[in-house]
$ cat entry.pdb   # PDB, C-alpha atoms
ATOM      1  CA  MET A   1       4.458  14.649  -5.977  1.00  0.00           C
ATOM      2  CA  VAL A   2       3.821  13.591  -9.539  1.00  0.00           C
ATOM      3  CA  SER A   3       0.624  12.898 -11.425  1.00  0.00           C
ATOM      4  CA  LEU A   4      -0.611   9.328 -11.748  1.00  0.00           C
ATOM      5  CA  GLN A   5       1.994   7.071 -13.321  1.00  0.00           C
ATOM      6  CA  ILE A   6       0.987   3.435 -13.853  1.00  0.00           C
ATOM      7  CA  SER A   7       3.937   1.106 -14.296  1.00  0.00           C
ATOM      8  CA  GLY A   8       2.360  -2.312 -14.181  1.00  0.00           C
ATOM      9  CA  LEU A   9      -0.767  -4.408 -14.151  1.00  0.00           C
ATOM     10  CA  HIS A  10      -0.784  -7.880 -12.641  1.00  0.00           C
ATOM     11  CA  LYS A  11      -3.815  -9.279 -14.424  1.00  0.00           C
ATOM     12  CA  TYR A  12      -4.823 -11.923 -11.892  1.00  0.00           C
ATOM     13  CA  SER A  13      -3.870 -12.353  -8.255  1.00  0.00           C
ATOM     14  CA  PHE A  14      -5.253 -14.779  -5.705  1.00  0.00           C
ATOM     15  CA  LEU A  15      -3.207 -13.261  -2.842  1.00  0.00           C
ATOM     16  CA  ASP A  16      -3.302  -9.470  -2.949  1.00  0.00           C
ATOM     17  CA  TYR A  17      -6.988  -9.042  -2.066  1.00  0.00           C
ATOM     18  CA  PRO A  18      -7.779 -11.728   0.520  1.00  0.00           C
ATOM     19  CA  GLY A  19     -10.573 -13.997  -0.630  1.00  0.00           C
ATOM     20  CA  LYS A  20     -10.898 -12.395  -4.069  1.00  0.00           C
ATOM     21  CA  ILE A  21      -9.527 -12.808  -7.567  1.00  0.00           C
ATOM     22  CA  SER A  22      -8.119  -9.369  -8.251  1.00  0.00           C
ATOM     23  CA  CYS A  23      -5.986  -7.401 -10.630  1.00  0.00           C
ATOM     24  CA  VAL A  24      -3.166  -5.324  -9.144  1.00  0.00           C
ATOM     25  CA  ILE A  25      -2.348  -1.889 -10.501  1.00  0.00           C
ATOM     26  CA  PHE A  26       1.207  -0.773  -9.672  1.00  0.00           C
ATOM     27  CA  VAL A  27       1.911   2.958  -9.594  1.00  0.00           C
ATOM     28  CA  GLN A  28       5.370   4.430 -10.047  1.00  0.00           C
ATOM     29  CA  GLY A  29       7.274   6.269  -7.336  1.00  0.00           C
ATOM     30  CA  CYS A  30       7.848   5.849  -3.633  1.00  0.00           C
ATOM     31  CA  ASN A  31       8.895   8.256  -0.905  1.00  0.00           C
ATOM     32  CA  TRP A  32      10.874   5.554   0.929  1.00  0.00           C
ATOM     33  CA  LYS A  33      13.725   3.193   0.037  1.00  0.00           C
ATOM     34  CA  CYS A  34      13.229   0.075   2.165  1.00  0.00           C
ATOM     35  CA  SER A  35      16.189  -2.253   1.559  1.00  0.00           C
ATOM     36  CA  TYR A  36      14.031  -5.395   1.336  1.00  0.00           C
ATOM     37  CA  CYS A  37      11.495  -3.870  -1.089  1.00  0.00           C
ATOM     38  CA  HIS A  38      10.477  -6.273  -3.850  1.00  0.00           C
ATOM     39  CA  ASN A  39       9.371  -3.379  -6.098  1.00  0.00           C
ATOM     40  CA  LYS A  40      12.579  -1.310  -6.203  1.00  0.00           C
ATOM     41  CA  GLN A  41      12.002  -0.627  -9.889  1.00  0.00           C
ATOM     42  CA  LEU A  42       9.028   1.505  -8.804  1.00  0.00           C
ATOM     43  CA  TRP A  43      10.998   3.824  -6.479  1.00  0.00           C
ATOM     44  CA  GLU A  44      11.935   6.532  -8.963  1.00  0.00           C
ATOM     45  CA  HIS A  45       9.462   9.099 -10.210  1.00  0.00           C
ATOM     46  CA  ARG A  46       9.265   8.493 -13.919  1.00  0.00           C
ATOM     47  CA  GLU A  47       6.672   8.220 -16.609  1.00  0.00           C
ATOM     48  CA  GLY A  48       4.484   5.163 -16.324  1.00  0.00           C
ATOM     49  CA  ASP A  49       4.319   2.311 -18.799  1.00  0.00           C
ATOM     50  CA  LEU A  50       0.529   2.091 -19.049  1.00  0.00           C
ATOM     51  CA  THR A  51      -2.250   4.611 -19.472  1.00  0.00           C
ATOM     52  CA  LYS A  52      -5.288   4.493 -17.253  1.00  0.00           C
ATOM     53  CA  GLU A  53      -7.341   3.905 -20.420  1.00  0.00           C
ATOM     54  CA  GLU A  54      -5.389   0.669 -21.012  1.00  0.00           C
ATOM     55  CA  VAL A  55      -6.062  -0.401 -17.431  1.00  0.00           C
ATOM     56  CA  PHE A  56      -9.762   0.450 -17.723  1.00  0.00           C
ATOM     57  CA  LYS A  57     -10.012  -1.476 -21.002  1.00  0.00           C
ATOM     58  CA  PHE A  58      -8.522  -4.573 -19.343  1.00  0.00           C
ATOM     59  CA  ILE A  59     -10.858  -4.335 -16.329  1.00  0.00           C
ATOM     60  CA  GLU A  60     -13.902  -3.817 -18.544  1.00  0.00           C
ATOM     61  CA  LYS A  61     -12.987  -6.924 -20.541  1.00  0.00           C
ATOM     62  CA  ARG A  62     -12.390  -9.053 -17.440  1.00  0.00           C
ATOM     63  CA  LYS A  63     -14.867  -7.653 -14.922  1.00  0.00           C
ATOM     64  CA  SER A  64     -16.961 -10.822 -15.053  1.00  0.00           C
ATOM     65  CA  ILE A  65     -13.919 -12.771 -13.749  1.00  0.00           C
ATOM     66  CA  LEU A  66     -12.433 -10.199 -11.391  1.00  0.00           C
ATOM     67  CA  GLU A  67     -13.738  -9.877  -7.843  1.00  0.00           C
ATOM     68  CA  GLY A  68     -11.605  -6.918  -6.787  1.00  0.00           C
ATOM     69  CA  ILE A  69      -9.029  -4.313  -7.747  1.00  0.00           C
ATOM     70  CA  VAL A  70      -5.832  -3.523  -5.819  1.00  0.00           C
ATOM     71  CA  ILE A  71      -3.805  -0.314  -6.110  1.00  0.00           C
ATOM     72  CA  SER A  72      -0.231  -0.818  -4.968  1.00  0.00           C
ATOM     73  CA  GLY A  73       3.174   0.563  -5.730  1.00  0.00           C
ATOM     74  CA  GLY A  74       5.469   2.264  -4.996  1.00  0.00           C
ATOM     75  CA  GLU A  75       3.331   4.408  -2.776  1.00  0.00           C
ATOM     76  CA  PRO A  76      -0.071   5.307  -4.246  1.00  0.00           C
ATOM     77  CA  THR A  77      -0.684   8.286  -1.935  1.00  0.00           C
ATOM     78  CA  ILE A  78       2.134  10.306  -3.537  1.00  0.00           C
ATOM     79  CA  GLN A  79       0.206  10.376  -6.822  1.00  0.00           C
ATOM     80  CA  THR A  80      -1.456  13.775  -7.244  1.00  0.00           C
ATOM     81  CA  ASP A  81      -4.556  12.422  -8.969  1.00  0.00           C
ATOM     82  CA  ILE A  82      -4.984   9.159  -7.069  1.00  0.00           C
ATOM     83  CA  LEU A  83      -8.401  10.222  -5.745  1.00  0.00           C
ATOM     84  CA  SER A  84      -9.825  10.878  -9.218  1.00  0.00           C
ATOM     85  CA  PHE A  85      -8.340   7.568 -10.408  1.00  0.00           C
ATOM     86  CA  ILE A  86     -10.020   5.709  -7.541  1.00  0.00           C
ATOM     87  CA  LYS A  87     -13.327   7.411  -8.278  1.00  0.00           C
ATOM     88  CA  GLU A  88     -13.036   6.352 -11.928  1.00  0.00           C
ATOM     89  CA  LEU A  89     -12.279   2.761 -10.893  1.00  0.00           C
ATOM     90  CA  LYS A  90     -15.520   2.671  -8.897  1.00  0.00           C
ATOM     91  CA  GLN A  91     -17.435   2.634 -12.224  1.00  0.00           C
ATOM     92  CA  PHE A  92     -16.621  -1.085 -12.455  1.00  0.00           C
ATOM     93  CA  ASN A  93     -18.539  -1.862  -9.243  1.00  0.00           C
ATOM     94  CA  LEU A  94     -15.713  -4.005  -7.906  1.00  0.00           C
ATOM     95  CA  PRO A  95     -14.333  -3.834  -4.367  1.00  0.00           C
ATOM     96  CA  LEU A  96     -11.206  -1.685  -4.237  1.00  0.00           C
ATOM     97  CA  LYS A  97      -8.157  -2.277  -2.017  1.00  0.00           C
ATOM     98  CA  LEU A  98      -5.319   0.172  -1.362  1.00  0.00           C
ATOM     99  CA  ASP A  99      -1.817  -0.764  -0.214  1.00  0.00           C
ATOM    100  CA  THR A 100      -0.002   2.067   1.577  1.00  0.00           C
ATOM    101  CA  ASN A 101       2.971   2.821   3.790  1.00  0.00           C
ATOM    102  CA  GLY A 102       0.878   5.284   5.821  1.00  0.00           C
ATOM    103  CA  SER A 103       3.247   8.217   5.336  1.00  0.00           C
ATOM    104  CA  ARG A 104       0.567  10.626   4.086  1.00  0.00           C
ATOM    105  CA  PRO A 105      -2.421  10.565   6.459  1.00  0.00           C
ATOM    106  CA  ASP A 106      -4.013  13.680   4.937  1.00  0.00           C
ATOM    107  CA  VAL A 107      -4.245  11.966   1.557  1.00  0.00           C
ATOM    108  CA  LEU A 108      -5.256   8.663   3.119  1.00  0.00           C
ATOM    109  CA  GLU A 109      -8.129  10.382   4.908  1.00  0.00           C
ATOM    110  CA  THR A 110      -9.530  11.623   1.572  1.00  0.00           C
ATOM    111  CA  LEU A 111      -9.212   8.150   0.015  1.00  0.00           C
ATOM    112  CA  LEU A 112     -10.743   6.023   2.787  1.00  0.00           C
ATOM    113  CA  PRO A 113     -14.404   6.820   1.942  1.00  0.00           C
ATOM    114  CA  HIS A 114     -13.817   5.562  -1.612  1.00  0.00           C
ATOM    115  CA  ILE A 115     -12.050   2.253  -0.947  1.00  0.00           C
ATOM    116  CA  ASP A 116     -13.271  -1.006   0.537  1.00  0.00           C
ATOM    117  CA  TYR A 117     -10.068  -2.409   2.015  1.00  0.00           C
ATOM    118  CA  VAL A 118      -6.766  -0.903   3.105  1.00  0.00           C
ATOM    119  CA  ALA A 119      -3.507  -2.655   3.963  1.00  0.00           C
ATOM    120  CA  MET A 120      -0.819  -0.603   5.678  1.00  0.00           C
ATOM    121  CA  ASP A 121       2.791  -1.656   6.011  1.00  0.00           C
ATOM    122  CA  ILE A 122       4.251  -1.179   9.471  1.00  0.00           C
ATOM    123  CA  LYS A 123       8.013  -1.127   8.985  1.00  0.00           C
ATOM    124  CA  THR A 124       9.146  -1.688  12.585  1.00  0.00           C
ATOM    125  CA  CYS A 125       8.261  -0.648  16.139  1.00  0.00           C
ATOM    126  CA  LEU A 126       6.981   2.894  16.427  1.00  0.00           C
ATOM    127  CA  GLU A 127      10.274   4.623  17.183  1.00  0.00           C
ATOM    128  CA  GLU A 128      11.260   7.346  14.731  1.00  0.00           C
ATOM    129  CA  ASN A 129      14.976   6.537  14.473  1.00  0.00           C
ATOM    130  CA  LYS A 130      14.330   2.809  13.904  1.00  0.00           C
ATOM    131  CA  TYR A 131      11.547   3.525  11.412  1.00  0.00           C
ATOM    132  CA  SER A 132      13.744   5.927   9.437  1.00  0.00           C
ATOM    133  CA  LYS A 133      16.566   3.372   9.353  1.00  0.00           C
ATOM    134  CA  VAL A 134      14.300   0.675   7.891  1.00  0.00           C
ATOM    135  CA  CYS A 135      12.740   3.092   5.364  1.00  0.00           C
ATOM    136  CA  GLY A 136      16.031   4.585   4.217  1.00  0.00           C
ATOM    137  CA  GLU A 137      14.465   8.053   4.548  1.00  0.00           C
ATOM    138  CA  LYS A 138      13.514  10.404   7.390  1.00  0.00           C
ATOM    139  CA  VAL A 139      10.071   9.372   8.652  1.00  0.00           C
ATOM    140  CA  ASN A 140       7.593  11.441  10.636  1.00  0.00           C
ATOM    141  CA  ILE A 141       6.366   8.805  13.086  1.00  0.00           C
ATOM    142  CA  GLU A 142       3.364  10.970  14.017  1.00  0.00           C
ATOM    143  CA  ASN A 143       2.112  10.582  10.424  1.00  0.00           C
ATOM    144  CA  ILE A 144       2.387   6.805  10.779  1.00  0.00           C
ATOM    145  CA  LYS A 145       0.442   6.871  14.044  1.00  0.00           C
ATOM    146  CA  ARG A 146      -2.199   9.159  12.550  1.00  0.00           C
ATOM    147  CA  SER A 147      -2.652   6.863   9.535  1.00  0.00           C
ATOM    148  CA  MET A 148      -2.991   3.875  11.835  1.00  0.00           C
ATOM    149  CA  LYS A 149      -5.631   5.682  13.859  1.00  0.00           C
ATOM    150  CA  LEU A 150      -7.579   6.712  10.733  1.00  0.00           C
ATOM    151  CA  ILE A 151      -7.512   3.164   9.405  1.00  0.00           C
ATOM    152  CA  SER A 152      -8.441   1.607  12.765  1.00  0.00           C
ATOM    153  CA  LYS A 153     -11.481   3.852  13.054  1.00  0.00           C
ATOM    154  CA  THR A 154     -12.742   3.257   9.531  1.00  0.00           C
ATOM    155  CA  GLU A 155     -15.629   0.968   8.746  1.00  0.00           C
ATOM    156  CA  ARG A 156     -13.545  -0.450   5.900  1.00  0.00           C
ATOM    157  CA  THR A 157     -11.808  -3.803   6.051  1.00  0.00           C
ATOM    158  CA  TYR A 158      -8.154  -3.323   6.919  1.00  0.00           C
ATOM    159  CA  HIS A 159      -5.021  -4.981   8.152  1.00  0.00           C
ATOM    160  CA  PHE A 160      -1.561  -3.959   9.244  1.00  0.00           C
ATOM    161  CA  ARG A 161       1.438  -5.975   8.161  1.00  0.00           C
ATOM    162  CA  THR A 162       5.182  -5.947   8.609  1.00  0.00           C
ATOM    163  CA  THR A 163       8.113  -7.618   6.924  1.00  0.00           C
ATOM    164  CA  LEU A 164      10.568  -9.065   9.404  1.00  0.00           C
ATOM    165  CA  ASP A 165      14.047  -8.423   8.030  1.00  0.00           C
ATOM    166  CA  LYS A 166      16.403  -9.738  10.701  1.00  0.00           C
ATOM    167  CA  SER A 167      19.216  -7.507   9.444  1.00  0.00           C
ATOM    168  CA  LEU A 168      17.094  -4.471  10.453  1.00  0.00           C
ATOM    169  CA  ILE A 169      14.581  -5.691  13.021  1.00  0.00           C
ATOM    170  CA  THR A 170      15.714  -7.422  16.189  1.00  0.00           C
ATOM    171  CA  GLU A 171      13.726  -9.943  18.234  1.00  0.00           C
ATOM    172  CA  GLU A 172      13.169  -7.122  20.742  1.00  0.00           C
ATOM    173  CA  ASP A 173      11.740  -4.926  17.947  1.00  0.00           C
ATOM    174  CA  LYS A 174       9.455  -7.794  16.897  1.00  0.00           C
ATOM    175  CA  LYS A 175       8.161  -8.130  20.465  1.00  0.00           C
ATOM    176  CA  LYS A 176       7.526  -4.362  20.607  1.00  0.00           C
ATOM    177  CA  ILE A 177       5.618  -4.520  17.323  1.00  0.00           C
ATOM    178  CA  GLU A 178       3.461  -7.368  18.616  1.00  0.00           C
ATOM    179  CA  GLU A 179       2.833  -5.504  21.905  1.00  0.00           C
ATOM    180  CA  GLN A 180       2.018  -2.223  20.151  1.00  0.00           C
ATOM    181  CA  PHE A 181      -0.502  -4.032  17.951  1.00  0.00           C
ATOM    182  CA  ASN A 182      -1.812  -6.540  20.479  1.00  0.00           C
ATOM    183  CA  SER A 183      -0.751  -9.264  18.002  1.00  0.00           C
ATOM    184  CA  LYS A 184      -3.168  -7.837  15.393  1.00  0.00           C
ATOM    185  CA  ILE A 185      -0.495  -7.601  12.739  1.00  0.00           C
ATOM    186  CA  HIS A 186       0.562  -9.966   9.984  1.00  0.00           C
ATOM    187  CA  ILE A 187       4.310 -10.583  10.158  1.00  0.00           C
ATOM    188  CA  PHE A 188       6.110 -11.807   7.042  1.00  0.00           C
ATOM    189  CA  GLN A 189       9.621 -13.229   7.190  1.00  0.00           C
ATOM    190  CA  CYS A 190      12.056 -11.584   4.757  1.00  0.00           C
ATOM    191  CA  LYS A 191      14.343 -14.079   3.047  1.00  0.00           C
ATOM    192  CA  ARG A 192      17.690 -12.682   1.937  1.00  0.00           C
TER
END

$ encode --input "entry.pdb" --output "structure tokens"
Amino acid sequence: MVSLQISGLHKYSFLDYPGKISCVIFVQGCNWKCSYCHNKQLWEHREGDLTKEEVFKFIEKRKSILEGIVISGGEPTIQTDILSFIKELKQFNLPLKLDTNGSRPDVLETLLPHIDYVAMDIKTCLEENKYSKVCGEKVNIENIKRSMKLISKTERTYHFRTTLDKSLITEEDKKKIEEQFNSKIHIFQCKR
């Protein structure tokens, strides 16, 4: 794990926080290497490009326009001081959304009381060998299940989503995903 490294700030998004104009803070580093990832430049653990003070200055200046803040990545839960960062963001009195891959349920559990919305990526059906293949790294499927359970039981707004990459996920896998989630999952088609 590394300390908080901010590598980007998307100043305005109409998509990342459903129903809200938000800014998106991208943190550096990810514990997985999904082949279809659109943020591959964030995989490696390196120094960030922005300070949190620069991010706070932007939010302070634009808080009358913004309706929410999103923390994405990379994978935010691998940041050692993500909880303190989230607590500092709460000073702006804006709803806060977290995007996660669900790999670190212990960290996620500490963050849930401080966020308003969580979106978790489900990479494929809940079979460890398939999940590890999609993620490009060994995955503990029990951690994924535990994160899903924590999120499902929270009073926060949440959703699960998956990217359908036909080179990795078969029609049978898609059916399993839909069955495992009772069709309560957003499925996005990957275009390659």

$ closest_residue --input "entry.pdb" --among "A:Ile71, A:Val107, A:Ile78, A:Ile6" --to "Glu54 (chain A)" --atoms "all atoms listed in the file"
A:Ile6

$ closest_residue --input "entry.pdb" --among "A:Gln79, A:Thr51, A:Ser152, A:Thr163" --to "Cys135 (chain A)" --atoms "only C-alpha atoms"
A:Thr163

$ residues_around --input "entry.pdb" --residues "Asp173 (chain A)" --least-positions-apart "2" --cutoff "10 Å" --atoms "all atoms listed in the file" --output "list of chain:residue names"
A:Thr124, A:Cys125, A:Leu126, A:Glu127, A:Lys130, A:Leu164, A:Lys166, A:Leu168, A:Ile169, A:Thr170, A:Glu171, A:Lys175, A:Lys176, A:Ile177, A:Glu178, A:Glu179

$ resolve_selection --input "entry.pdb" --expression "the PyMOL selection byres ((chain A and resi 123) around 7)" --output "list in words"
Asp121, Ile122, Thr124, Tyr131, Val134, Thr162 and Thr163 of chain A

$ atom_distance --input "entry.pdb" --atom1 "CA of Glu53 (chain A)" --atom2 "CA of Ser13 (chain A)"
20.6 Å

$ closest_residue --input "entry.pdb" --among "A:Asp16, A:Glu128, A:Glu142, A:Glu172" --to "Pro105 (chain A)" --atoms "all atoms listed in the file"
A:Glu142

$ closest_residue --input "entry.pdb" --among "A:Asn143, A:Ser35, A:Ser22, A:Asn101" --to "Pro76 (chain A)" --atoms "all atoms listed in the file"
A:Asn101

$ resolve_selection --input "entry.pdb" --expression "the PyMOL selection byres ((chain A and resi 9) around 12)" --output "ChimeraX atom specification"
/A:5-8,10-13,22-28,48-52,54-59,69-73

$ atom_distance --input "entry.pdb" --atom1 "CA of Cys30 (chain A)" --atom2 "CA of Lys63 (chain A)"
28.7 Å

$ atom_distance --input "entry.pdb" --atom1 "CA of Gly102 (chain A)" --atom2 "CA of Lys138 (chain A)"
13.7 Å

$ residues_around --input "entry.pdb" --residues "region 114-118 of chain A" --least-positions-apart "5" --cutoff "8 Å" --atoms "only C-alpha atoms" --output "PDB file with C-alpha atoms, keeping the file's coordinate frame"
ATOM      1  CA  ILE A  86     -10.020   5.709  -7.541  1.00  0.00           C
ATOM      2  CA  LYS A  87     -13.327   7.411  -8.278  1.00  0.00           C
ATOM      3  CA  PRO A  95     -14.333  -3.834  -4.367  1.00  0.00           C
ATOM      4  CA  LEU A  96     -11.206  -1.685  -4.237  1.00  0.00           C
ATOM      5  CA  LYS A  97      -8.157  -2.277  -2.017  1.00  0.00           C
ATOM      6  CA  LEU A  98      -5.319   0.172  -1.362  1.00  0.00           C
ATOM      7  CA  ASP A  99      -1.817  -0.764  -0.214  1.00  0.00           C
ATOM      8  CA  THR A 100      -0.002   2.067   1.577  1.00  0.00           C
ATOM      9  CA  ILE A 151      -7.512   3.164   9.405  1.00  0.00           C
ATOM     10  CA  ARG A 156     -13.545  -0.450   5.900  1.00  0.00           C
ATOM     11  CA  THR A 157     -11.808  -3.803   6.051  1.00  0.00           C
ATOM     12  CA  TYR A 158      -8.154  -3.323   6.919  1.00  0.00           C
ATOM     13  CA  HIS A 159      -5.021  -4.981   8.152  1.00  0.00           C
TER      14      HIS A 159
END
